[in-house]
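Heads up, final_37.cif below (mmCIF, C-alpha atoms):
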```cif
data_upload
loop_
_atom_site.label_atom_id
_atom_site.label_comp_id
_atom_site.auth_asym_id
_atom_site.auth_seq_id
_atom_site.Cartn_x
_atom_site.Cartn_y
_atom_site.Cartn_z
CA MET A 26 144.82 64.65 204.35
CA ARG A 27 145.97 63.50 207.74
CA THR A 28 145.24 65.86 210.60
CA ASN A 29 147.89 66.49 213.19
CA GLN A 30 149.21 69.24 215.38
CA GLN A 31 152.76 70.42 215.75
CA SER A 32 154.30 72.85 218.20
CA ILE A 33 157.52 74.86 218.10
CA PRO A 34 158.67 75.22 221.74
CA PHE A 35 160.02 78.55 222.97
CA ARG A 36 163.62 78.99 223.99
CA ARG A 37 164.07 78.89 227.77
CA SER A 38 165.88 81.66 229.60
CA ILE A 39 169.63 81.25 229.24
CA SER A 40 170.27 83.34 232.34
CA ARG A 41 168.13 81.05 234.54
CA MET A 42 169.90 77.97 233.20
CA ALA A 43 173.30 79.56 233.85
CA CYS A 44 172.26 80.51 237.37
CA ALA A 45 171.13 76.97 238.16
CA LEU A 46 174.45 75.61 236.92
CA LEU A 47 176.43 78.02 239.13
CA LEU A 48 174.40 77.03 242.16
CA LEU A 49 175.19 73.37 241.52
CA LEU A 50 178.86 74.27 241.36
CA GLY A 51 178.65 76.27 244.59
CA GLY A 52 179.01 79.58 242.76
CA GLY A 53 177.07 82.86 242.73
CA CYS A 54 173.61 83.92 241.63
CA THR A 55 172.59 84.48 245.25
CA PRO A 56 169.20 86.27 245.20
CA ALA A 57 169.44 89.91 246.24
CA ALA A 58 165.85 89.93 247.54
CA THR A 59 163.78 87.65 249.76
CA VAL A 60 161.44 85.02 248.36
CA GLN A 61 158.52 87.27 249.25
CA ASP A 62 159.98 90.11 247.13
CA TYR A 63 160.79 87.92 244.11
CA THR A 64 158.66 88.44 240.98
CA GLU A 65 158.77 85.85 238.21
CA PRO A 66 159.85 87.64 235.02
CA GLU A 67 157.43 87.67 232.12
CA GLY A 68 157.96 84.91 229.59
CA PRO A 69 158.14 85.20 225.81
CA THR A 70 155.22 86.61 223.84
CA ALA A 71 153.09 83.66 222.74
CA LEU A 72 151.91 83.52 219.12
CA THR A 73 149.69 80.73 217.79
CA VAL A 74 149.73 80.01 214.06
CA TRP A 75 147.17 77.78 212.30
CA LEU A 76 148.35 76.23 209.03
CA ILE A 77 147.27 73.51 206.59
CA PRO A 78 149.63 70.68 205.57
CA GLY A 79 151.97 71.47 202.73
CA SER A 80 152.30 75.21 203.33
CA GLY A 81 156.07 74.85 203.63
CA LEU A 82 156.10 77.57 206.27
CA GLU A 83 157.05 75.51 209.32
CA PRO A 84 160.83 75.57 208.69
CA LEU A 85 160.69 79.31 208.10
CA ILE A 86 158.76 79.83 211.32
CA GLY A 87 161.42 77.81 213.10
CA GLU A 88 164.08 80.10 211.62
CA TYR A 89 162.13 83.19 212.67
CA GLN A 90 161.80 81.74 216.17
CA LEU A 91 165.57 81.46 216.48
CA ARG A 92 165.94 85.08 215.41
CA HIS A 93 163.30 86.23 217.90
CA PRO A 94 163.75 84.55 221.30
CA GLU A 95 161.27 87.03 222.75
CA LEU A 96 158.54 85.01 220.98
CA ASP A 97 157.02 81.62 221.73
CA ILE A 98 155.57 80.56 218.36
CA GLN A 99 153.28 77.55 218.38
CA VAL A 100 152.13 76.03 215.09
CA GLN A 101 149.02 73.89 214.76
CA ILE A 102 148.36 71.94 211.56
CA SER A 103 144.78 71.11 210.51
CA THR A 104 143.46 69.69 207.26
CA TYR A 105 142.43 71.89 204.37
CA THR A 106 138.74 71.49 205.24
CA GLN A 107 139.03 71.45 209.03
CA LEU A 108 140.97 74.67 209.51
CA PRO A 109 138.27 77.06 208.19
CA VAL A 110 135.62 75.23 210.22
CA LYS A 111 137.74 75.55 213.36
CA LEU A 112 138.38 79.22 212.67
CA GLN A 113 134.73 80.01 211.96
CA THR A 114 133.67 78.22 215.16
CA ALA A 115 136.28 80.08 217.21
CA LEU A 116 135.20 83.46 215.85
CA ALA A 117 131.49 82.71 216.31
CA THR A 118 131.78 81.45 219.89
CA GLY A 119 134.50 83.78 221.11
CA SER A 120 136.64 80.79 222.05
CA SER A 121 140.40 80.66 221.62
CA SER A 122 141.50 81.41 218.08
CA PRO A 123 144.96 81.85 216.60
CA ASP A 124 147.02 84.98 216.24
CA ILE A 125 147.67 83.99 212.62
CA ALA A 126 145.51 81.79 210.37
CA SER A 127 146.09 80.49 206.87
CA ILE A 128 142.90 80.93 204.80
CA ASP A 129 142.64 79.25 201.40
CA ILE A 130 141.41 81.48 198.59
CA GLY A 131 138.32 79.30 198.19
CA TYR A 132 137.23 80.10 201.76
CA LEU A 133 138.35 83.72 201.95
CA ASP A 134 135.13 85.30 200.65
CA ARG A 135 133.25 83.53 203.44
CA PHE A 136 135.38 85.25 206.06
CA LYS A 137 135.20 88.60 204.25
CA GLN A 138 131.59 88.73 205.44
CA PHE A 139 132.90 89.35 208.96
CA PRO A 140 135.54 92.11 208.72
CA GLU A 141 134.99 92.98 212.38
CA HIS A 142 136.71 89.71 213.31
CA PHE A 143 139.97 90.51 211.52
CA TYR A 144 142.65 93.14 211.84
CA ASN A 145 142.86 95.34 208.77
CA LEU A 146 146.43 94.92 207.65
CA TYR A 147 146.38 98.37 206.09
CA ASP A 148 146.42 99.68 209.67
CA TYR A 149 149.82 98.03 210.15
CA GLY A 150 151.52 99.48 207.08
CA ALA A 151 150.64 96.84 204.49
CA ALA A 152 149.75 99.44 201.85
CA GLY A 153 153.45 99.67 201.10
CA LEU A 154 153.62 95.95 200.33
CA GLY A 155 151.17 95.85 197.43
CA GLU A 156 153.89 95.93 194.77
CA ARG A 157 155.34 92.71 196.18
CA TYR A 158 152.49 90.54 194.98
CA LEU A 159 150.64 89.62 191.81
CA GLY A 160 147.97 92.27 191.22
CA TRP A 161 145.10 89.81 190.99
CA LYS A 162 146.17 88.06 194.18
CA TRP A 163 146.44 91.35 196.08
CA GLN A 164 142.98 92.32 194.85
CA GLU A 165 141.49 89.01 196.01
CA ALA A 166 142.95 89.53 199.50
CA GLN A 167 140.91 92.67 200.18
CA SER A 168 137.34 93.92 200.29
CA GLY A 169 135.67 97.15 201.35
CA GLY A 170 138.94 98.84 202.26
CA VAL A 171 140.01 95.92 204.47
CA LEU A 172 143.12 93.89 203.66
CA PHE A 173 142.36 90.49 205.16
CA GLY A 174 145.71 88.79 204.68
CA LEU A 175 149.10 88.71 203.00
CA PRO A 176 149.39 86.29 200.06
CA THR A 177 151.46 83.14 200.28
CA ASP A 178 151.56 80.81 197.25
CA VAL A 179 149.35 80.62 194.16
CA GLY A 180 148.10 77.74 191.99
CA PRO A 181 148.58 78.68 188.31
CA TYR A 182 147.90 75.97 185.75
CA ALA A 183 149.96 74.13 183.18
CA LEU A 184 148.98 71.23 180.95
CA VAL A 185 151.07 68.08 181.31
CA TYR A 186 150.84 65.40 178.64
CA ARG A 187 152.31 62.13 177.40
CA ALA A 188 154.33 62.93 174.29
CA ASP A 189 154.43 59.25 173.32
CA ILE A 190 150.64 59.04 173.19
CA PHE A 191 150.39 62.18 171.05
CA ALA A 192 153.01 60.78 168.67
CA ALA A 193 151.23 57.41 168.50
CA ALA A 194 148.08 59.24 167.37
CA GLY A 195 150.03 61.03 164.63
CA LEU A 196 149.83 64.36 166.44
CA PRO A 197 152.58 66.92 167.18
CA SER A 198 154.28 66.25 170.50
CA ALA A 199 156.59 69.26 171.03
CA PRO A 200 155.30 71.61 173.77
CA GLU A 201 154.81 74.69 171.57
CA LYS A 202 152.99 72.60 168.94
CA VAL A 203 150.76 70.97 171.54
CA ALA A 204 149.86 74.41 172.94
CA GLN A 205 148.81 75.50 169.45
CA LEU A 206 146.91 72.27 168.86
CA LEU A 207 144.97 72.68 172.11
CA GLY A 208 144.33 76.40 171.82
CA THR A 209 140.59 76.19 172.51
CA TRP A 210 138.38 73.80 174.44
CA ASP A 211 136.76 72.70 171.16
CA SER A 212 140.17 71.75 169.76
CA PHE A 213 140.99 70.14 173.11
CA LEU A 214 138.00 67.82 172.73
CA GLU A 215 138.80 67.12 169.10
CA THR A 216 142.37 66.18 169.99
CA GLY A 217 141.04 63.88 172.67
CA ARG A 218 138.74 62.24 170.14
CA ILE A 219 141.66 61.59 167.80
CA ILE A 220 143.77 60.10 170.59
CA ARG A 221 140.91 57.84 171.68
CA GLU A 222 140.33 56.71 168.08
CA TYR A 223 143.96 56.00 167.19
CA THR A 224 145.38 54.76 170.49
CA GLY A 225 142.40 53.55 172.51
CA LYS A 226 143.64 55.73 175.40
CA ALA A 227 141.53 58.07 177.48
CA PHE A 228 142.42 61.75 177.14
CA ILE A 229 141.77 63.17 180.64
CA ASN A 230 141.86 61.62 184.09
CA ASN A 231 138.27 62.66 184.99
CA LEU A 232 135.52 65.20 184.32
CA GLU A 233 135.88 66.93 187.67
CA ASP A 234 139.31 68.40 186.98
CA LEU A 235 138.26 69.45 183.47
CA TYR A 236 135.15 71.23 184.78
CA ILE A 237 137.10 73.10 187.48
CA ALA A 238 139.79 74.31 185.07
CA ILE A 239 137.23 75.66 182.60
CA LEU A 240 135.08 77.34 185.25
CA ARG A 241 138.05 79.00 186.98
CA GLN A 242 138.71 80.91 183.75
CA SER A 243 135.58 82.94 184.51
CA PRO A 244 135.91 86.09 186.69
CA LEU A 245 132.63 85.06 188.33
CA GLN A 246 131.89 81.55 189.56
CA TYR A 247 128.78 80.65 191.56
CA TYR A 248 128.16 84.05 193.19
CA SER A 249 128.00 87.71 192.23
CA PRO A 250 129.82 90.21 194.47
CA ASP A 251 126.48 91.26 195.96
CA GLY A 252 125.79 87.68 197.06
CA GLU A 253 123.43 86.47 194.34
CA LEU A 254 123.66 82.77 193.45
CA LEU A 255 124.68 82.48 189.79
CA VAL A 256 124.64 78.74 189.12
CA GLU A 257 121.89 79.16 186.50
CA ARG A 258 122.65 82.72 185.42
CA ASN A 259 126.40 82.47 184.85
CA PRO A 260 126.80 80.95 181.37
CA GLN A 261 130.35 79.87 182.20
CA VAL A 262 129.03 77.38 184.76
CA LYS A 263 126.84 75.67 182.18
CA ALA A 264 129.60 75.91 179.55
CA ALA A 265 132.05 74.14 181.85
CA TRP A 266 129.43 71.49 182.60
CA ASP A 267 128.55 70.98 178.92
CA ILE A 268 132.19 70.64 177.82
CA ALA A 269 132.78 68.07 180.56
CA ILE A 270 129.67 66.13 179.52
CA ARG A 271 130.76 66.27 175.88
CA ALA A 272 134.14 64.83 176.91
CA ASN A 273 132.31 61.99 178.61
CA GLU A 274 130.17 61.32 175.56
CA LEU A 275 133.37 61.05 173.52
CA GLN A 276 134.71 58.56 176.09
CA LEU A 277 137.66 60.79 176.88
CA SER A 278 137.65 60.24 180.65
CA ALA A 279 139.60 57.56 182.53
CA HIS A 280 137.30 58.16 185.54
CA THR A 281 140.34 58.47 187.81
CA ALA A 282 140.62 60.79 190.83
CA ILE A 283 143.95 62.34 191.75
CA ASP A 284 145.95 61.04 194.72
CA THR A 285 144.61 57.51 194.38
CA GLN A 286 146.56 54.32 193.78
CA LYS A 287 144.83 53.95 190.41
CA TRP A 288 145.91 57.46 189.44
CA GLY A 289 149.54 56.74 190.29
CA THR A 290 149.47 53.54 188.25
CA GLU A 291 147.86 55.23 185.25
CA LEU A 292 150.36 58.09 185.27
CA LEU A 293 152.97 55.41 184.60
CA THR A 294 151.03 53.20 182.19
CA GLY A 295 149.62 56.11 180.19
CA ASP A 296 145.96 55.24 180.55
CA PHE A 297 145.20 58.94 179.98
CA ALA A 298 147.13 61.44 177.89
CA VAL A 299 146.83 64.83 179.63
CA MET A 300 146.29 66.45 183.00
CA LEU A 301 145.23 70.01 183.75
CA CYS A 302 147.79 70.66 186.44
CA PRO A 303 147.92 73.46 189.05
CA ALA A 304 151.43 74.08 190.36
CA TRP A 305 150.84 72.35 193.69
CA LEU A 306 149.89 69.12 191.91
CA ILE A 307 153.38 68.64 190.46
CA GLY A 308 154.68 67.24 193.74
CA HIS A 309 151.71 64.85 193.97
CA ILE A 310 152.41 63.51 190.48
CA LYS A 311 156.05 62.84 191.28
CA SER A 312 155.35 61.16 194.60
CA ASN A 313 152.51 59.01 193.24
CA ALA A 314 154.36 57.91 190.10
CA PRO A 315 158.11 58.39 190.60
CA THR A 316 159.00 55.83 187.92
CA ALA A 317 157.07 57.81 185.28
CA SER A 318 159.86 60.41 185.24
CA GLY A 319 160.71 61.46 181.69
CA MET A 320 157.43 60.24 180.20
CA TRP A 321 155.49 63.50 180.61
CA ARG A 322 155.87 66.96 179.03
CA MET A 323 154.52 70.40 179.93
CA THR A 324 152.89 73.37 178.16
CA GLN A 325 150.12 75.97 178.64
CA ILE A 326 146.44 75.06 179.03
CA PRO A 327 143.73 75.98 176.47
CA GLY A 328 142.17 79.42 176.67
CA SER A 329 143.10 81.98 179.30
CA SER A 330 145.19 81.29 182.37
CA VAL A 331 143.60 80.12 185.60
CA ASN A 332 144.34 79.70 189.29
CA ARG A 333 143.40 76.91 191.69
CA GLY A 334 144.58 77.18 195.26
CA GLY A 335 146.85 79.44 197.27
CA SER A 336 146.13 81.20 200.54
CA VAL A 337 146.62 84.31 202.66
CA LEU A 338 147.86 84.72 206.22
CA ALA A 339 145.25 86.63 208.23
CA LEU A 340 145.18 88.05 211.77
CA PRO A 341 141.95 87.35 213.71
CA ARG A 342 141.07 90.15 216.15
CA SER A 343 140.95 87.67 219.00
CA GLY A 344 144.73 87.45 218.71
CA SER A 345 146.54 89.32 221.47
CA HIS A 346 149.64 90.50 219.62
CA PRO A 347 148.75 91.91 216.18
CA GLY A 348 151.98 93.91 215.87
CA ALA A 349 154.23 90.91 216.41
CA SER A 350 151.93 88.75 214.25
CA TYR A 351 152.02 91.23 211.39
CA ALA A 352 155.82 91.38 211.54
CA LEU A 353 155.93 87.58 211.26
CA ILE A 354 153.55 87.27 208.30
CA SER A 355 155.23 90.15 206.49
CA TRP A 356 158.53 88.27 206.77
CA LEU A 357 157.03 84.88 205.85
CA THR A 358 155.42 86.21 202.66
CA ALA A 359 158.39 88.30 201.51
CA PRO A 360 159.92 87.30 198.15
CA GLU A 361 163.00 85.76 199.74
CA GLN A 362 160.97 83.43 201.93
CA GLN A 363 158.55 82.52 199.12
CA LEU A 364 161.54 81.59 196.97
CA ALA A 365 162.86 79.39 199.78
CA VAL A 366 159.53 77.54 199.95
CA PHE A 367 159.52 77.12 196.16
CA LYS A 368 163.02 75.65 196.23
CA ALA A 369 162.14 73.33 199.10
CA GLN A 370 158.82 71.93 197.87
CA GLY A 371 157.60 73.72 194.76
CA ASN A 372 154.83 75.97 196.12
CA PHE A 373 154.62 78.68 193.47
CA PRO A 374 155.30 82.22 194.76
CA SER A 375 152.83 85.11 194.61
CA THR A 376 155.75 87.58 194.37
CA PRO A 377 156.55 88.17 190.67
CA ALA A 378 159.81 90.02 191.33
CA ILE A 379 161.50 86.66 191.85
CA TYR A 380 160.13 85.07 188.67
CA GLY A 381 163.30 86.21 186.95
CA SER A 382 165.56 84.57 189.53
CA PRO A 383 167.75 81.69 188.30
CA GLU A 384 165.88 79.25 190.56
CA ILE A 385 162.66 79.90 188.61
CA ARG A 386 163.81 81.20 185.21
CA GLU A 387 166.37 78.42 184.72
CA GLN A 388 164.42 75.62 186.35
CA ARG A 389 164.37 72.50 184.21
CA ASP A 390 162.34 69.55 185.40
CA PRO A 391 163.65 66.17 184.24
CA TYR A 392 160.39 64.50 185.24
CA PHE A 393 158.74 66.49 182.42
CA GLY A 394 161.48 66.03 179.84
CA ASN A 395 163.51 68.99 181.19
CA ALA A 396 160.55 71.30 180.67
CA PRO A 397 161.10 74.93 181.76
CA ALA A 398 158.53 74.50 184.53
CA GLY A 399 159.38 77.75 186.28
CA GLU A 400 158.84 79.77 183.10
CA VAL A 401 155.60 77.96 182.26
CA TYR A 402 154.05 78.61 185.66
CA ALA A 403 155.42 82.16 185.91
CA GLU A 404 153.81 83.05 182.57
CA SER A 405 150.58 81.40 183.65
CA ALA A 406 150.53 83.21 187.01
CA GLN A 407 150.98 86.63 185.43
CA ARG A 408 148.08 86.13 182.99
CA ILE A 409 145.49 85.28 185.66
CA LYS A 410 142.68 87.75 186.23
CA PRO A 411 140.97 88.42 189.60
CA THR A 412 138.18 85.99 190.43
CA TYR A 413 135.25 86.37 192.80
CA TYR A 414 134.36 83.12 194.53
CA GLY A 415 131.63 83.93 197.01
CA PRO A 416 130.91 82.90 200.60
CA GLN A 417 129.82 79.32 199.90
CA HIS A 418 131.88 78.66 196.79
CA LEU A 419 133.40 75.36 197.88
CA VAL A 420 130.12 73.99 199.26
CA ILE A 421 128.35 74.74 195.97
CA GLU A 422 131.25 73.41 193.92
CA GLU A 423 131.37 70.14 195.84
CA ASN A 424 127.66 69.73 195.11
CA MET A 425 128.16 70.39 191.38
CA LEU A 426 131.04 67.92 191.22
CA GLN A 427 129.05 65.20 192.95
CA TYR A 428 126.31 65.36 190.34
CA LEU A 429 128.81 65.67 187.49
CA THR A 430 130.52 62.50 188.72
CA ARG A 431 127.19 60.69 188.89
CA ALA A 432 126.62 61.64 185.25
CA GLU A 433 130.15 60.52 184.38
CA LEU A 434 129.57 57.11 185.97
CA GLY A 435 126.22 56.68 184.22
CA GLU A 436 124.16 56.87 187.41
CA LEU A 437 122.17 59.85 186.12
CA ASN A 438 121.21 61.22 182.73
CA PRO A 439 123.35 64.38 182.21
CA ALA A 440 120.32 66.67 181.86
CA HIS A 441 118.75 65.23 184.99
CA ALA A 442 122.07 65.52 186.85
CA TRP A 443 122.30 69.20 185.90
CA SER A 444 118.75 69.87 187.07
CA LEU A 445 119.34 68.14 190.40
CA ALA A 446 122.68 69.93 190.87
CA VAL A 447 121.09 73.34 190.34
CA GLN A 448 118.20 72.56 192.69
CA LYS A 449 120.53 71.31 195.40
CA ALA A 450 122.76 74.38 194.98
CA LYS A 451 119.74 76.60 195.64
CA GLU A 452 118.90 74.62 198.75
CA LEU A 453 122.46 74.80 200.04
CA ASP A 454 122.63 78.53 199.40
CA ALA A 455 119.31 79.13 201.19
CA SER A 456 120.44 77.13 204.22
CA TYR A 457 123.38 79.48 204.78
CA ARG A 458 121.47 82.74 204.54
#
```
Could the structure of this file be written out as structure tokens, please?
Amino acid sequence: MRTNQQSIPFRRSISRMACALLLLLGGGCTPAATVQDYTEPEGPTALTVWLIPGSGLEPLIGEYQLRHPELDIQVQISTYTQLPVKLQTALATGSSSPDIASIDIGYLDRFKQFPEHFYNLYDYGAAGLGERYLGWKWQEAQSGGVLFGLPTDVGPYALVYRADIFAAAGLPSAPEKVAQLLGTWDSFLETGRIIREYTGKAFINNLEDLYIAILRQSPLQYYSPDGELLVERNPQVKAAWDIAIRANELQLSAHTAIDTQKWGTELLTGDFAVMLCPAWLIGHIKSNAPTASGMWRMTQIPGSSVNRGGSVLALPRSGSHPGASYALISWLTAPEQQLAVFKAQGNFPSTPAIYGSPEIREQRDPYFGNAPAGEVYAESAQRIKPTYYGPQHLVIEENMLQYLTRAELGELNPAHAWSLAVQKAKELDASYR
């Protein structure tokens, strides 16, 4: 992602502007006191907000700014990977940090290790907000009696597929039939084998996205809540790896990463038949392959539901105005504002009360054959169970994916790739302790 910074300037004092205009016209506004007695009035309260691209919150912050001229809200945008590094550095060194920071769910457990650096939102009345949000999302936002942030969006999964490829292989192509056909990961692989045999098409875009979807169905990933590394001891890690390797052995992968030119082309040409698709990826699909509209369909993924992505808005203790900051994040994450972000760019809300709204319940997406996308993702979001990620989840996952990709490309024997991935995970974990 491109890194940039944006700022929302504060509104200047209307009275000072009016006074200057009157002076130019020879009118009033004559000071009642001498220059020596004059005291410059205090300016607006400054709030700094750190966000990642694609949050959809900038227009809402602009709206809030207009409603609250007593504030000077400045927004800085950093990439998904840079923002947590910047925040961790700021907290560790005592240097300037924001009043409000967006923390992705994959990084949140890292920051939960340092509760002394964050305001506990329960101290500001957040206990009364718990019913707003999905239960699993609310649970993931807290630890040890500390509520670290208020939830923004979530990343529930759907499965999108090419109905024409399923039909060409002699398979059912209606969404409810495809969901039944792909009810388990074993049947998922078998369907992929049939499609490869009868159409010559790959089934999935790559092993990486398959592995992540399967692993995220586990309540534990690479760490236990007490900090133990579980790469070898969590059977779901090896199960996700083995299913991905089996898919490769069956030649089901197109070896194509998302958000690449090749990916956009293959979405149109149908070089692979399905994608395991978190809600935020829908916009990427449409922008990378706009002319593929109408070729894809949508249904539920195999097995249990799963989440990938989403964030919370947290208040670092180095911020100077926690009361004003809490008021802002409470407004930004309210159902009405989450619905506005969904309507504007599709970020899926973490507030289930609005899942029955016409904008979600009646949403039909022509890109996916008029699929009821809102209903599909709402159902998926409500079936997700809380997941513990751990302090170095994304570092360990990136390591696992690197070795999985090397096995996919034939650079390493799968067994050797697994062994090296586990060893490297142990080394990475040890280096952070």
Which of these, A:Leu82, A:Val171, A:Leu159, A:Ala71, has the shortest distance to Tyr144 of chain A once you count only C-alpha atoms?
->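 Smallest distance to Tyr144 of chain A is found for A:Val171.
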Might you spell out which residues the PyMOL selection byres ((chain A and resi 236-250) around 6) would select in the displayed file, as number ranges by chain?
-> A: 233-235, 251-256, 265, 269, 331, 412-415
I need the chosen residues saved as a tab-separated table (two decimals), in the coordinates of the input, with C-alpha atoms.
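What follows is the written file part.tsv:
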```
chain	number	residue	atom	x	y	z
A	233	GLU	CA	135.88	66.93	187.67
A	234	ASP	CA	139.31	68.40	186.98
A	235	LEU	CA	138.26	69.45	183.47
A	251	ASP	CA	126.48	91.26	195.96
A	252	GLY	CA	125.79	87.68	197.06
A	253	GLU	CA	123.43	86.47	194.34
A	254	LEU	CA	123.66	82.77	193.45
A	255	LEU	CA	124.68	82.48	189.79
A	256	VAL	CA	124.64	78.74	189.12
A	265	ALA	CA	132.05	74.14	181.85
A	269	ALA	CA	132.78	68.07	180.56
A	331	VAL	CA	143.60	80.12	185.60
A	412	THR	CA	138.18	85.99	190.43
A	413	TYR	CA	135.25	86.37	192.80
A	414	TYR	CA	134.36	83.12	194.53
A	415	GLY	CA	131.63	83.93	197.01
```
Taking the file as shown, what set of residues would the PyMOL selection byres ((chain A and resi 458) around 12) give back, as a tab-separated table (two decimals) with C-alpha atoms, in the coordinates of the input?
```
chain	number	residue	atom	x	y	z
A	135	ARG	CA	133.25	83.53	203.44
A	138	GLN	CA	131.59	88.73	205.44
A	252	GLY	CA	125.79	87.68	197.06
A	253	GLU	CA	123.43	86.47	194.34
A	254	LEU	CA	123.66	82.77	193.45
A	416	PRO	CA	130.91	82.90	200.60
A	417	GLN	CA	129.82	79.32	199.90
A	451	LYS	CA	119.74	76.60	195.64
A	452	GLU	CA	118.90	74.62	198.75
A	453	LEU	CA	122.46	74.80	200.04
A	454	ASP	CA	122.63	78.53	199.40
A	455	ALA	CA	119.31	79.13	201.19
A	456	SER	CA	120.44	77.13	204.22
A	457	TYR	CA	123.38	79.48	204.78
```
Have a look at A:Thr118, A:Leu338, A:Ala317, A:Ala166 and name the one nearest to Ile354 of chain A; count all atoms listed in the file.
->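 Closest to Ile354 of chain A of all the choices is A:Leu338.
Considering all atoms listed in the file, the residue among A:Ala304, A:Met320, A:Leu340, A:Val110 positioned nearest to Gly399 of chain A is A:Ala304.
Reported to one decimal place, the separation of atom CA of Tyr149 of chain A from atom CA of Tyr351 of chain A is 7.3 Å.
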Answer key for the PyMOL selection byres ((chain A and resi 421-434) around 8), residues as a list of chain:residue names = A:Leu232, A:Glu233, A:Tyr247, A:Trp266, A:Ile270, A:Asn273, A:His280, A:Gln417, A:His418, A:Leu419, A:Val420, A:Gly435, A:Glu436, A:Leu437, A:Asn438, A:Pro439, A:Ala442, A:Trp443, A:Leu445, A:Ala446, A:Val447, A:Lys449, A:Ala450, A:Leu453, A:Asp454
For the point (161.5, 84.7, 220.7) in file coordinates, what residues are within 9 Å, counting only C-alpha atoms? Give the answer as an NGL selection string?
-> :A and (35-36 or 69-71 or 89-98)
Proximity to Ala406 of chain A - best of A:Asp178, A:Asp284, A:Glu361, A:Glu274, only C-alpha atoms |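 So, comparing all the options, the nearest one is A:Asp178.
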Straight-line distance linking atom CA of Trp321 of chain A with atom CA of Tyr392 of chain A, stated in Å to one decimal |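 It comes out at 6.8 Å.
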With the cut-off set at 12 Å and counting all atoms listed in the file, tabulate each residue of segment 138-209 of chain A with an atom at most that distance from an atom of segment 77-80 of chain A, showing the nearest atom pair and its distance in Å to one decimal, ordered by chain and increasing number, as a Markdown table.
```
| residue | atom | partner | partner_atom | distance |
| --- | --- | --- | --- | --- |
| A:Pro176 | CA | A:Ser80 | CA | 11.9 |
| A:Thr177 | CA | A:Ser80 | CA | 8.5 |
| A:Asp178 | CA | A:Ser80 | CA | 8.3 |
| A:Val179 | CA | A:Ser80 | CA | 11.0 |
```
Export of prior selection with C-alpha atoms as a PDB file, keeping the file's coordinate frame:
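Final output, saved to again.pdb:
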```pdb
ATOM      1  CA  PRO A 176     149.390  86.290 200.060  1.00  0.00           C
ATOM      2  CA  THR A 177     151.460  83.140 200.280  1.00  0.00           C
ATOM      3  CA  ASP A 178     151.560  80.810 197.250  1.00  0.00           C
ATOM      4  CA  VAL A 179     149.350  80.620 194.160  1.00  0.00           C
TER       5      VAL A 179
END
```
Suppose you want the space between atom CA of Gly344 of chain A and atom CA of Pro411 of chain A; what is it in Å?
-> 29.4 Å
